[in-house]
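Student: Got a file for you: entry12.pdb, PDB, C-alpha atoms.
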```pdb
ATOM      1  CA  MET A 144     -21.375  33.924  80.610
ATOM      2  CA  MET A 145     -18.170  31.947  80.341
ATOM      3  CA  PRO A 146     -18.835  28.623  78.604
ATOM      4  CA  ALA A 147     -18.357  25.371  80.479
ATOM      5  CA  HIS A 148     -14.941  23.809  80.191
ATOM      6  CA  PRO A 149     -14.123  20.101  80.236
ATOM      7  CA  ARG A 150     -12.908  18.935  83.615
ATOM      8  CA  ARG A 151      -9.167  18.490  83.327
ATOM      9  CA  TRP A 152      -7.639  16.377  86.061
ATOM     10  CA  LEU A 153      -3.943  16.940  86.734
ATOM     11  CA  ASP A 154      -1.176  14.829  88.179
ATOM     12  CA  LEU A 155       0.962  16.817  90.595
ATOM     13  CA  PRO A 156       4.245  14.993  91.135
ATOM     14  CA  ASP A 157       4.753  16.493  94.597
ATOM     15  CA  ALA A 158       1.240  15.725  95.840
ATOM     16  CA  PRO A 159       1.020  14.069  99.271
ATOM     17  CA  ALA A 160      -0.200  10.481  99.555
ATOM     18  CA  ILE A 161      -3.698  11.283 100.805
ATOM     19  CA  PRO A 162      -6.351   8.707  99.791
ATOM     20  CA  GLY A 163      -8.800  10.220  97.307
ATOM     21  CA  LEU A 164      -6.777  13.415  96.727
ATOM     22  CA  ARG A 165      -7.168  14.747  93.164
ATOM     23  CA  PHE A 166      -6.471  18.026  91.398
ATOM     24  CA  ARG A 167      -8.179  19.696  88.482
ATOM     25  CA  THR A 168      -8.670  23.110  86.965
ATOM     26  CA  TYR A 169     -11.779  25.267  87.336
ATOM     27  CA  ALA A 170     -14.488  24.050  84.969
ATOM     28  CA  ALA A 171     -17.706  26.059  85.178
ATOM     29  CA  ARG A 172     -20.198  27.874  87.380
ATOM     30  CA  PRO A 173     -21.058  24.801  89.500
ATOM     31  CA  ASP A 174     -17.574  25.228  91.025
ATOM     32  CA  ILE A 175     -18.432  28.700  92.355
ATOM     33  CA  GLY A 176     -20.591  27.543  95.279
ATOM     34  CA  PRO A 177     -17.946  25.146  96.676
ATOM     35  CA  LEU A 178     -15.276  27.809  96.187
ATOM     36  CA  ARG A 179     -17.341  30.296  98.159
ATOM     37  CA  ASP A 180     -17.801  27.774 100.979
ATOM     38  CA  LEU A 181     -14.053  27.095 101.014
ATOM     39  CA  LEU A 182     -13.190  30.795 101.238
ATOM     40  CA  ARG A 183     -15.689  31.314 104.038
ATOM     41  CA  ALA A 184     -14.174  28.475 106.059
ATOM     42  CA  VAL A 185     -10.664  29.838 105.499
ATOM     43  CA  ASN A 186     -11.632  33.413 106.379
ATOM     44  CA  ARG A 187     -13.322  32.416 109.628
ATOM     45  CA  VAL A 188     -10.156  30.718 110.875
ATOM     46  CA  ASP A 189      -7.732  33.381 109.591
ATOM     47  CA  GLY A 190      -9.757  36.309 110.931
ATOM     48  CA  ASP A 191     -10.793  37.820 107.608
ATOM     49  CA  THR A 192     -14.373  39.137 107.848
ATOM     50  CA  GLN A 193     -15.012  39.165 104.090
ATOM     51  CA  GLU A 194     -18.036  37.184 102.902
ATOM     52  CA  TRP A 195     -17.652  36.351  99.226
ATOM     53  CA  THR A 196     -20.920  36.365  97.323
ATOM     54  CA  TYR A 197     -21.714  34.222  94.318
ATOM     55  CA  ASP A 198     -21.739  37.252  91.994
ATOM     56  CA  GLU A 199     -18.383  38.537  93.276
ATOM     57  CA  LEU A 200     -16.735  35.208  92.595
ATOM     58  CA  ARG A 201     -18.457  34.904  89.227
ATOM     59  CA  LEU A 202     -16.976  38.260  88.161
ATOM     60  CA  GLU A 203     -13.524  37.179  89.335
ATOM     61  CA  LEU A 204     -13.779  33.985  87.309
ATOM     62  CA  GLU A 205     -15.428  35.284  84.157
ATOM     63  CA  GLU A 206     -13.658  38.635  83.692
ATOM     64  CA  TRP A 207      -9.989  37.700  83.731
ATOM     65  CA  THR A 208      -7.120  39.807  82.455
ATOM     66  CA  HIS A 209      -3.902  37.844  82.082
ATOM     67  CA  VAL A 210      -4.733  34.209  82.808
ATOM     68  CA  ASP A 211      -7.685  31.917  82.162
ATOM     69  CA  PRO A 212      -9.192  30.406  85.334
ATOM     70  CA  ARG A 213     -10.068  27.297  83.328
ATOM     71  CA  GLU A 214      -6.320  26.763  82.977
ATOM     72  CA  ASP A 215      -4.813  28.500  85.973
ATOM     73  CA  ARG A 216      -7.234  28.219  88.894
ATOM     74  CA  LEU A 217      -6.346  24.942  90.548
ATOM     75  CA  LEU A 218      -8.762  22.992  92.746
ATOM     76  CA  ALA A 219      -7.953  20.120  95.120
ATOM     77  CA  PHE A 220     -10.531  17.508  96.095
ATOM     78  CA  VAL A 221     -10.571  14.643  98.546
ATOM     79  CA  GLY A 222     -13.354  12.518  97.211
ATOM     80  CA  GLU A 223     -16.043  15.050  96.310
ATOM     81  CA  GLN A 224     -15.000  17.644  98.896
ATOM     82  CA  LEU A 225     -13.189  20.762  97.715
ATOM     83  CA  VAL A 226     -10.326  21.096 100.202
ATOM     84  CA  ALA A 227      -8.097  23.745  98.574
ATOM     85  CA  GLY A 228      -7.974  26.244  95.754
ATOM     86  CA  SER A 229      -5.338  28.480  94.214
ATOM     87  CA  ASN A 230      -4.901  30.919  91.377
ATOM     88  CA  ILE A 231      -2.110  32.735  89.601
ATOM     89  CA  ASP A 232      -1.795  36.094  87.884
ATOM     90  CA  TRP A 233       0.822  38.596  86.805
ATOM     91  CA  LEU A 234       1.015  42.360  87.017
ATOM     92  CA  ASP A 235       3.493  45.062  86.048
ATOM     93  CA  SER A 236       4.859  46.876  89.084
ATOM     94  CA  SER A 237       5.352  50.629  89.292
ATOM     95  CA  ASP A 238       9.108  50.114  89.853
ATOM     96  CA  GLY A 239       9.722  48.330  86.539
ATOM     97  CA  ARG A 240       9.421  44.743  87.747
ATOM     98  CA  ARG A 241       6.774  42.187  86.782
ATOM     99  CA  PHE A 242       5.090  40.368  89.649
ATOM    100  CA  TYR A 243       4.031  36.753  89.068
ATOM    101  CA  GLN A 244       1.604  35.935  91.854
ATOM    102  CA  SER A 245       0.453  32.643  93.344
ATOM    103  CA  VAL A 246      -2.270  32.669  96.016
ATOM    104  CA  GLY A 247      -3.738  29.606  97.677
ATOM    105  CA  HIS A 248      -6.302  28.664 100.295
ATOM    106  CA  VAL A 249      -6.432  25.339 102.116
ATOM    107  CA  HIS A 250      -9.430  24.324 104.204
ATOM    108  CA  PRO A 251      -8.474  24.504 107.900
ATOM    109  CA  GLU A 252      -9.203  20.790 108.373
ATOM    110  CA  TRP A 253      -6.714  19.875 105.617
ATOM    111  CA  ARG A 254      -3.772  22.149 106.421
ATOM    112  CA  ARG A 255      -0.211  21.013 107.153
ATOM    113  CA  ARG A 256      -0.545  17.905 104.968
ATOM    114  CA  GLY A 257       1.387  19.060 101.905
ATOM    115  CA  ILE A 258      -1.572  20.021  99.714
ATOM    116  CA  GLY A 259      -0.701  23.713  99.599
ATOM    117  CA  ALA A 260       2.970  22.959  98.920
ATOM    118  CA  ALA A 261       2.125  20.759  95.919
ATOM    119  CA  MET A 262      -0.191  23.411  94.485
ATOM    120  CA  MET A 263       2.370  26.168  94.977
ATOM    121  CA  GLN A 264       5.017  24.093  93.188
ATOM    122  CA  ARG A 265       2.698  23.649  90.202
ATOM    123  CA  ASN A 266       1.799  27.350  90.225
ATOM    124  CA  GLU A 267       5.445  28.403  90.203
ATOM    125  CA  GLN A 268       6.068  26.154  87.212
ATOM    126  CA  ARG A 269       3.148  27.732  85.337
ATOM    127  CA  LEU A 270       4.343  31.228  86.224
ATOM    128  CA  ALA A 271       7.827  30.380  84.971
ATOM    129  CA  GLU A 272       6.274  29.255  81.690
ATOM    130  CA  LEU A 273       4.362  32.525  81.423
ATOM    131  CA  ALA A 274       7.479  34.553  82.206
ATOM    132  CA  ALA A 275       9.426  32.674  79.520
ATOM    133  CA  SER A 276       6.773  33.664  76.975
ATOM    134  CA  HIS A 277       7.128  37.370  77.813
ATOM    135  CA  ASP A 278       9.652  39.742  76.290
ATOM    136  CA  GLY A 279      11.939  39.880  79.335
ATOM    137  CA  SER A 280      11.997  43.665  79.547
ATOM    138  CA  ARG A 281      10.990  43.574  83.216
ATOM    139  CA  ALA A 282      12.682  41.763  86.091
ATOM    140  CA  PRO A 283      10.431  38.829  87.038
ATOM    141  CA  VAL A 284       9.522  38.340  90.704
ATOM    142  CA  LEU A 285       7.439  35.564  92.225
ATOM    143  CA  THR A 286       4.983  36.822  94.831
ATOM    144  CA  THR A 287       2.488  35.369  97.266
ATOM    145  CA  CYS A 288       0.283  36.853  99.971
ATOM    146  CA  PHE A 289      -1.668  35.633 102.976
ATOM    147  CA  GLU A 290      -3.213  36.730 106.263
ATOM    148  CA  ALA A 291      -0.615  37.352 108.954
ATOM    149  CA  THR A 292      -2.398  34.816 111.161
ATOM    150  CA  ASP A 293      -1.780  32.002 108.654
ATOM    151  CA  THR A 294       1.426  30.609 110.130
ATOM    152  CA  GLY A 295       1.375  27.624 107.782
ATOM    153  CA  ALA A 296       1.401  29.831 104.697
ATOM    154  CA  ARG A 297       4.242  31.871 106.161
ATOM    155  CA  ALA A 298       6.269  28.740 106.889
ATOM    156  CA  LEU A 299       5.700  27.447 103.353
ATOM    157  CA  ALA A 300       6.704  30.760 101.790
ATOM    158  CA  HIS A 301       9.888  30.860 103.862
ATOM    159  CA  LEU A 302      10.700  27.252 103.003
ATOM    160  CA  ARG A 303      10.370  27.973  99.289
ATOM    161  CA  GLY A 304      12.739  30.925  99.456
ATOM    162  CA  TYR A 305      10.332  33.858  99.665
ATOM    163  CA  ARG A 306      10.998  36.830 101.920
ATOM    164  CA  ARG A 307       8.511  39.298 103.322
ATOM    165  CA  ALA A 308       8.317  42.425 101.168
ATOM    166  CA  ARG A 309       5.270  44.306 102.400
ATOM    167  CA  VAL A 310       2.670  44.423 105.178
ATOM    168  CA  TYR A 311      -0.864  45.652 104.637
ATOM    169  CA  HIS A 312      -3.239  46.622 107.426
ATOM    170  CA  HIS A 313      -6.984  46.256 107.623
ATOM    171  CA  MET A 314      -8.225  49.154 109.721
ATOM    172  CA  THR A 315     -11.565  49.721 111.387
ATOM    173  CA  ARG A 316     -13.217  52.707 112.995
ATOM    174  CA  PRO A 317     -15.117  50.983 115.812
ATOM    175  CA  HIS A 318     -17.831  53.648 115.956
ATOM    176  CA  LEU A 319     -19.014  56.613 113.932
ATOM    177  CA  ASP A 320     -19.321  59.116 116.780
ATOM    178  CA  GLY A 321     -17.335  62.332 116.829
ATOM    179  CA  ILE A 322     -16.566  62.456 113.107
ATOM    180  CA  VAL A 323     -14.221  65.328 112.216
ATOM    181  CA  LEU A 324     -15.158  67.270 109.072
ATOM    182  CA  PRO A 325     -12.185  69.292 107.789
ATOM    183  CA  PRO A 326     -13.043  71.835 105.077
ATOM    184  CA  LEU A 327     -12.504  71.066 101.415
ATOM    185  CA  PRO A 328      -9.638  72.952  99.763
ATOM    186  CA  ASP A 329     -10.664  76.140  97.989
ATOM    187  CA  GLY A 330     -12.050  75.666  94.510
ATOM    188  CA  LEU A 331     -13.109  72.030  94.997
ATOM    189  CA  ALA A 332     -16.641  70.704  95.368
ATOM    190  CA  VAL A 333     -18.186  67.305  96.043
ATOM    191  CA  ARG A 334     -20.709  66.300  93.419
ATOM    192  CA  PRO A 335     -22.743  63.129  92.801
ATOM    193  CA  VAL A 336     -21.491  60.511  90.373
ATOM    194  CA  THR A 337     -23.547  58.222  88.193
ATOM    195  CA  ALA A 338     -22.980  55.088  86.154
ATOM    196  CA  GLU A 339     -22.006  57.319  83.233
ATOM    197  CA  THR A 340     -19.189  58.763  85.367
ATOM    198  CA  LEU A 341     -17.653  55.356  86.086
ATOM    199  CA  PRO A 342     -15.071  55.314  83.230
ATOM    200  CA  ARG A 343     -13.734  58.736  84.279
ATOM    201  CA  LEU A 344     -13.742  57.727  87.935
ATOM    202  CA  TRP A 345     -11.868  54.521  87.116
ATOM    203  CA  ASP A 346      -9.218  56.431  85.160
ATOM    204  CA  ALA A 347      -8.759  58.864  88.064
ATOM    205  CA  ILE A 348      -8.276  56.022  90.556
ATOM    206  CA  MET A 349      -5.804  54.250  88.278
ATOM    207  CA  GLU A 350      -3.807  57.453  87.845
ATOM    208  CA  ALA A 351      -3.774  58.158  91.589
ATOM    209  CA  PHE A 352      -2.313  54.733  92.428
ATOM    210  CA  ARG A 353       0.072  54.486  89.504
ATOM    211  CA  ASP A 354       3.060  55.655  91.562
ATOM    212  CA  HIS A 355       2.275  53.496  94.598
ATOM    213  CA  PHE A 356       3.990  50.219  95.478
ATOM    214  CA  GLY A 357       2.996  47.302  93.275
ATOM    215  CA  GLY A 358       0.796  47.950  90.284
ATOM    216  CA  GLU A 359      -2.740  48.532  89.156
ATOM    217  CA  ASP A 360      -4.578  46.408  86.614
ATOM    218  CA  ASP A 361      -6.167  49.022  84.361
ATOM    219  CA  SER A 362      -7.403  46.561  81.731
ATOM    220  CA  PRO A 363     -10.979  46.509  80.367
ATOM    221  CA  ALA A 364     -11.582  43.227  82.233
ATOM    222  CA  ALA A 365     -10.508  44.823  85.525
ATOM    223  CA  PHE A 366     -12.880  47.720  84.860
ATOM    224  CA  ARG A 367     -15.729  45.301  84.280
ATOM    225  CA  ARG A 368     -14.949  43.479  87.541
ATOM    226  CA  TRP A 369     -14.885  46.764  89.427
ATOM    227  CA  SER A 370     -17.905  48.436  87.844
ATOM    228  CA  GLY A 371     -19.942  45.216  88.044
ATOM    229  CA  ASP A 372     -19.357  44.740  91.774
ATOM    230  CA  PRO A 373     -22.874  44.504  93.250
ATOM    231  CA  ASN A 374     -21.653  46.102  96.490
ATOM    232  CA  LEU A 375     -20.349  49.288  94.877
ATOM    233  CA  ASP A 376     -22.792  52.001  95.975
ATOM    234  CA  LEU A 377     -22.345  55.280  94.126
ATOM    235  CA  SER A 378     -24.620  57.063  96.600
ATOM    236  CA  LEU A 379     -21.925  56.421  99.229
ATOM    237  CA  ALA A 380     -19.094  57.703  97.005
ATOM    238  CA  VAL A 381     -17.656  61.092  97.959
ATOM    239  CA  ILE A 382     -15.948  62.497  94.862
ATOM    240  CA  ALA A 383     -14.320  65.939  94.688
ATOM    241  CA  PHE A 384     -14.237  67.895  91.444
ATOM    242  CA  ASP A 385     -12.118  70.821  90.340
ATOM    243  CA  GLY A 386     -14.293  72.160  87.585
ATOM    244  CA  ASP A 387     -14.879  69.155  85.357
ATOM    245  CA  GLU A 388     -11.854  67.231  86.612
ATOM    246  CA  ILE A 389     -11.975  64.578  89.323
ATOM    247  CA  ALA A 390      -9.425  65.563  91.978
ATOM    248  CA  GLY A 391      -9.919  62.733  94.452
ATOM    249  CA  GLY A 392     -12.475  60.693  96.268
ATOM    250  CA  VAL A 393     -13.506  57.949  98.638
ATOM    251  CA  LEU A 394     -15.659  55.063  97.445
ATOM    252  CA  GLY A 395     -18.323  53.515  99.646
ATOM    253  CA  TYR A 396     -19.496  49.928  99.918
ATOM    254  CA  ASP A 397     -22.334  48.390 101.883
ATOM    255  CA  MET A 398     -21.658  44.672 102.410
ATOM    256  CA  PRO A 399     -24.976  43.107 103.528
ATOM    257  CA  GLU A 400     -23.701  39.502 103.581
ATOM    258  CA  GLU A 401     -20.694  40.426 105.696
ATOM    259  CA  ASN A 402     -22.795  42.558 108.033
ATOM    260  CA  GLU A 403     -25.291  39.776 108.560
ATOM    261  CA  ALA A 404     -22.614  37.132 109.113
ATOM    262  CA  GLN A 405     -20.563  39.281 111.497
ATOM    263  CA  GLY A 406     -23.483  40.861 113.330
ATOM    264  CA  TYR A 407     -22.529  44.483 112.789
ATOM    265  CA  ARG A 408     -23.363  47.424 110.495
ATOM    266  CA  ARG A 409     -20.005  48.268 108.942
ATOM    267  CA  GLY A 410     -19.348  50.033 105.660
ATOM    268  CA  TRP A 411     -16.232  50.387 103.533
ATOM    269  CA  ALA A 412     -14.618  53.770 102.908
ATOM    270  CA  ASP A 413     -12.078  52.526 100.393
ATOM    271  CA  PRO A 414     -10.174  53.304  98.304
ATOM    272  CA  VAL A 415      -9.192  56.795  99.356
ATOM    273  CA  PHE A 416      -7.439  58.437  96.423
ATOM    274  CA  THR A 417      -6.041  61.849  95.488
ATOM    275  CA  ARG A 418      -4.555  62.621  92.118
ATOM    276  CA  ARG A 419      -1.052  64.053  92.295
ATOM    277  CA  ARG A 420      -1.951  67.643  91.317
ATOM    278  CA  TRP A 421      -4.269  67.949  94.310
ATOM    279  CA  ARG A 422      -2.124  66.338  97.015
ATOM    280  CA  ARG A 423      -0.768  68.060 100.144
ATOM    281  CA  ARG A 424      -3.818  70.317 100.430
ATOM    282  CA  GLY A 425      -5.927  68.408 102.951
ATOM    283  CA  LEU A 426      -8.276  66.956 100.354
ATOM    284  CA  ALA A 427      -8.040  63.336 101.484
ATOM    285  CA  SER A 428      -8.745  64.269 105.110
ATOM    286  CA  ALA A 429     -11.816  66.282 104.131
ATOM    287  CA  LEU A 430     -13.134  63.463 101.955
ATOM    288  CA  ILE A 431     -12.647  60.828 104.659
ATOM    289  CA  GLY A 432     -14.705  62.875 107.109
ATOM    290  CA  LEU A 433     -17.500  63.284 104.566
ATOM    291  CA  ALA A 434     -17.395  59.581 103.677
ATOM    292  CA  LEU A 435     -17.680  58.550 107.328
ATOM    293  CA  ALA A 436     -20.616  60.903 107.818
ATOM    294  CA  ARG A 437     -22.315  59.439 104.766
ATOM    295  CA  LEU A 438     -21.895  55.897 106.118
ATOM    296  CA  ARG A 439     -23.298  57.017 109.480
ATOM    297  CA  ASP A 440     -26.297  58.631 107.808
ATOM    298  CA  ARG A 441     -26.926  55.361 105.946
ATOM    299  CA  GLY A 442     -27.226  53.558 109.290
ATOM    300  CA  MET A 443     -23.721  52.152 109.602
ATOM    301  CA  THR A 444     -22.167  52.082 113.057
ATOM    302  CA  SER A 445     -18.523  51.409 112.062
ATOM    303  CA  ALA A 446     -16.230  51.658 109.027
ATOM    304  CA  GLN A 447     -13.276  49.837 107.500
ATOM    305  CA  LEU A 448     -10.520  50.252 104.910
ATOM    306  CA  ASP A 449      -7.191  48.742 103.831
ATOM    307  CA  VAL A 450      -3.816  50.480 103.761
ATOM    308  CA  ASP A 451      -0.241  49.754 102.747
ATOM    309  CA  SER A 452       1.783  50.114 105.973
ATOM    310  CA  GLU A 453       4.513  51.891 103.973
ATOM    311  CA  ASN A 454       2.247  54.168 101.952
ATOM    312  CA  PRO A 455       4.481  57.069 100.836
ATOM    313  CA  ASN A 456       1.764  59.638 101.500
ATOM    314  CA  GLN A 457       1.507  58.786 105.216
ATOM    315  CA  ALA A 458      -1.973  57.343 104.766
ATOM    316  CA  LEU A 459      -1.674  55.206 107.910
ATOM    317  CA  GLY A 460      -1.264  58.266 110.124
ATOM    318  CA  LEU A 461      -4.085  60.058 108.317
ATOM    319  CA  TYR A 462      -6.494  57.202 108.977
ATOM    320  CA  GLU A 463      -5.421  57.001 112.610
ATOM    321  CA  ARG A 464      -6.225  60.694 113.025
ATOM    322  CA  HIS A 465      -9.708  59.916 111.761
ATOM    323  CA  GLY A 466     -10.194  57.253 114.428
ATOM    324  CA  PHE A 467      -9.175  54.104 112.539
ATOM    325  CA  VAL A 468      -7.155  51.416 114.301
ATOM    326  CA  VAL A 469      -5.332  48.379 112.892
ATOM    327  CA  ASP A 470      -7.610  45.369 113.132
ATOM    328  CA  ARG A 471      -5.542  42.724 111.323
ATOM    329  CA  SER A 472      -2.739  42.482 108.788
ATOM    330  CA  SER A 473      -1.721  40.584 105.675
ATOM    331  CA  GLU A 474       1.715  40.020 104.199
ATOM    332  CA  GLU A 475       3.181  39.976 100.697
ATOM    333  CA  TRP A 476       6.300  37.872 100.132
ATOM    334  CA  HIS A 477       8.672  37.903  97.139
ATOM    335  CA  LYS A 478      11.486  35.906  95.586
ATOM    336  CA  PRO A 479      13.321  36.426  92.286
ATOM    337  CA  LEU A 480      12.174  34.219  89.427
ATOM    338  CA  ALA A 481      15.252  32.467  88.119
ATOM    339  CA  ALA A 482      15.881  32.841  84.399
TER     340      ALA A 482
END
```
Mind converting the file's structure to structure tokens?

Tutor:
Amino acid sequence: MMPAHPRRWLDLPDAPAIPGLRFRTYAARPDIGPLRDLLRAVNRVDGDTQEWTYDELRLELEEWTHVDPREDRLLAFVGEQLVAGSNIDWLDSSDGRRFYQSVGHVHPEWRRRGIGAAMMQRNEQRLAELAASHDGSRAPVLTTCFEATDTGARALAHLRGYRRARVYHHMTRPHLDGIVLPPLPDGLAVRPVTAETLPRLWDAIMEAFRDHFGGEDDSPAAFRRWSGDPNLDLSLAVIAFDGDEIAGGVLGYDMPEENEAQGYRRGWADPVFTRRRWRRRGLASALIGLALARLRDRGMTSAQLDVDSENPNQALGLYERHGFVVDRSSEEWHKPLAA
């Protein structure tokens, strides 16, 4: 458990003149409940169906990699009401750059009043400080991301000099009828995985995505966040082995809070990964079919996953052939970080 941290109130010079508006950093677990309520309110308006649980947020806040949420997760209050939150992070990209990310969420009732702009300004200053402390071997890039429906966030990003760099799609398979089951490539077999397999599985996933756009956080803290996710269900994982080596797989998640809130029975088949040595043999297609069948047998009636619209391995087309359609999109925007 992360120890409590003294509440540190901050003066943001660009803050709007809203009576009772104050800013401070994340302090301790009592902040998690209000943060969860804020994210739920934001998601409902922006069309994101995710339902953050207390334990998911706790893992995000207590198992950090590069930044300390007690210093770098910023909260905005009007009186006692939490009206906005933001966080920063940095990650090495696969193309040799270093991405310095700022992400914020403003309660729908408090948007377009300058709160998000003030928080983004402070976050960029902190990211510049972090970049100045690094060795400079990678080109620094400021990044932000948001749901495509959030026109205010897009306008703010454009105003601050960001430009759209990537679009990601959330895809759903509206039903689990007529699942196609292509055969596994010769020599491969699907076998169960257990908690003891998790380190090997994690390494295989990290390797598979290492040459994709962006970067993967392969730190011990990231592993703890991933392996501690209460929604990760290894009985839904479809993992292919070539002898003792993991060749690829599809993870499965049952999200009871989301299903209850949205009134459906939808499972995640994500991520879908294939290590380079086993690509171009139909493995991913075979695994997706098996993963969908496993979700159906568990009682799910639909499925979902996320995909980079410019995935170099034509993942978007593969998912469409398995009956997935684009449900909503999010955008990632970049701007160079001045030296």

Student: If you apply the PyMOL selection byres ((chain A and resi 297-306) around 12) to this file, what residues do you get, as number ranges by chain?

Tutor: A: 244-247, 254-264, 267, 284-296, 307-310, 473-481

Student: Could you tell me how far CA of Asp180 in chain A sits from CA of Asn266 in chain A, in Å to one decimal place?

Tutor: 22.4 Å

Student: Fewer than 5 positions away in the same chain doesn't count, so skip those; otherwise give me all residues within 7 Å of Val415 in chain A, counting all atoms listed in the file, as a tab-separated table (two decimals) with C-alpha atoms, keeping the file's coordinate frame.

Tutor:
```tsv
chain	number	residue	atom	x	y	z
A	392	GLY	CA	-12.48	60.69	96.27
A	393	VAL	CA	-13.51	57.95	98.64
A	394	LEU	CA	-15.66	55.06	97.44
A	427	ALA	CA	-8.04	63.34	101.48
```

Student: Extract, using all atoms listed in the file, all DNA, RNA and protein residues at most 10 Å from range 346-350 of chain A, discarding same-chain residues fewer than 5 positions from it, and format them as a VMD selection string.

Tutor: chain A and resid 341 355 358 to 361 366 388 to 393 414 to 419

Student: Near range 429-437 of chain A, counting all atoms listed in the file, which residues have an atom at most 10 Å away, once you skip same-chain residues fewer than 5 positions from it, shown as number ranges by chain?

Tutor: A: 316, 318-328, 333, 378-383, 391-395, 410-413, 415-417, 424, 442-447, 461-462, 465

Student: Please compute the CA of Tyr169 in chain A-CA of Gly222 in chain A distance, one decimal, in Å.

Tutor: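 Interatomic distance here is 16.2 Å.
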
Student: Work out how far CA of Ala364 in chain A is from CA of Phe384 in chain A, in Å to one decimal.

Tutor: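 CA of Ala364 in chain A lies at a distance of 26.5 Å from CA of Phe384 in chain A.
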
Student: Write out as JSON, numbers by chain each polymer residue whose atoms come within 8 Å of range 191-199 of chain A, counting all atoms listed in the file; drop sequence neighbours fewer than 2 positions from it.

Tutor: {"A": [175, 176, 179, 182, 183, 186, 187, 188, 189, 201, 202, 203, 290, 372, 373, 400, 401, 404, 405]}

Student: Looking at A:Glu339, A:Arg409, A:Asp449, A:Ala282, which one is nearest to Ser237 in chain A, with distances taken over only C-alpha atoms?

Tutor: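 Using only C-alpha atoms, Ser237 in chain A sits closest to A:Ala282.
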
Student: Residue by residue, what does the PyMOL selection byres ((chain A and resi 356) around 9) grab here? Present the result as number ranges by chain.

Tutor: A: 236-238, 352-355, 357-358, 451, 453-455

Student: When the PyMOL selection byres ((chain A and resi 164) around 6) is applied to the file above, which residues end up in the set, as an NGL selection string?

Tutor: :A and (161-163 or 165 or 220-221)

Student: Pick the closest to Trp152 in chain A from A:Glu206, A:Glu214, A:Asp397, A:Asp376: which is it, counting all atoms listed in the file?

Tutor: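 Ranked by minimum distance to Trp152 in chain A, first place goes to A:Glu214.
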
Student: Go ahead and fit an axis-aligned box to every listed atom of range 363-380 of chain A plus 8 Å each side, and pass me the centre and edge lengths in Å, one decimal, as JSON.

Tutor:
```
{"center_x": -17.6, "center_y": 50.5, "center_z": 89.8, "size_x": 30.1, "size_y": 30.5, "size_z": 34.9}
```

Student: Excluding Arg213 in chain A and any residue of its chain fewer than 3 positions from it, enumerate the residues within 7 Å of it, using all atoms listed in the file, and give them as a ChimeraX atom specification.

Tutor: /A:148,168-170,216
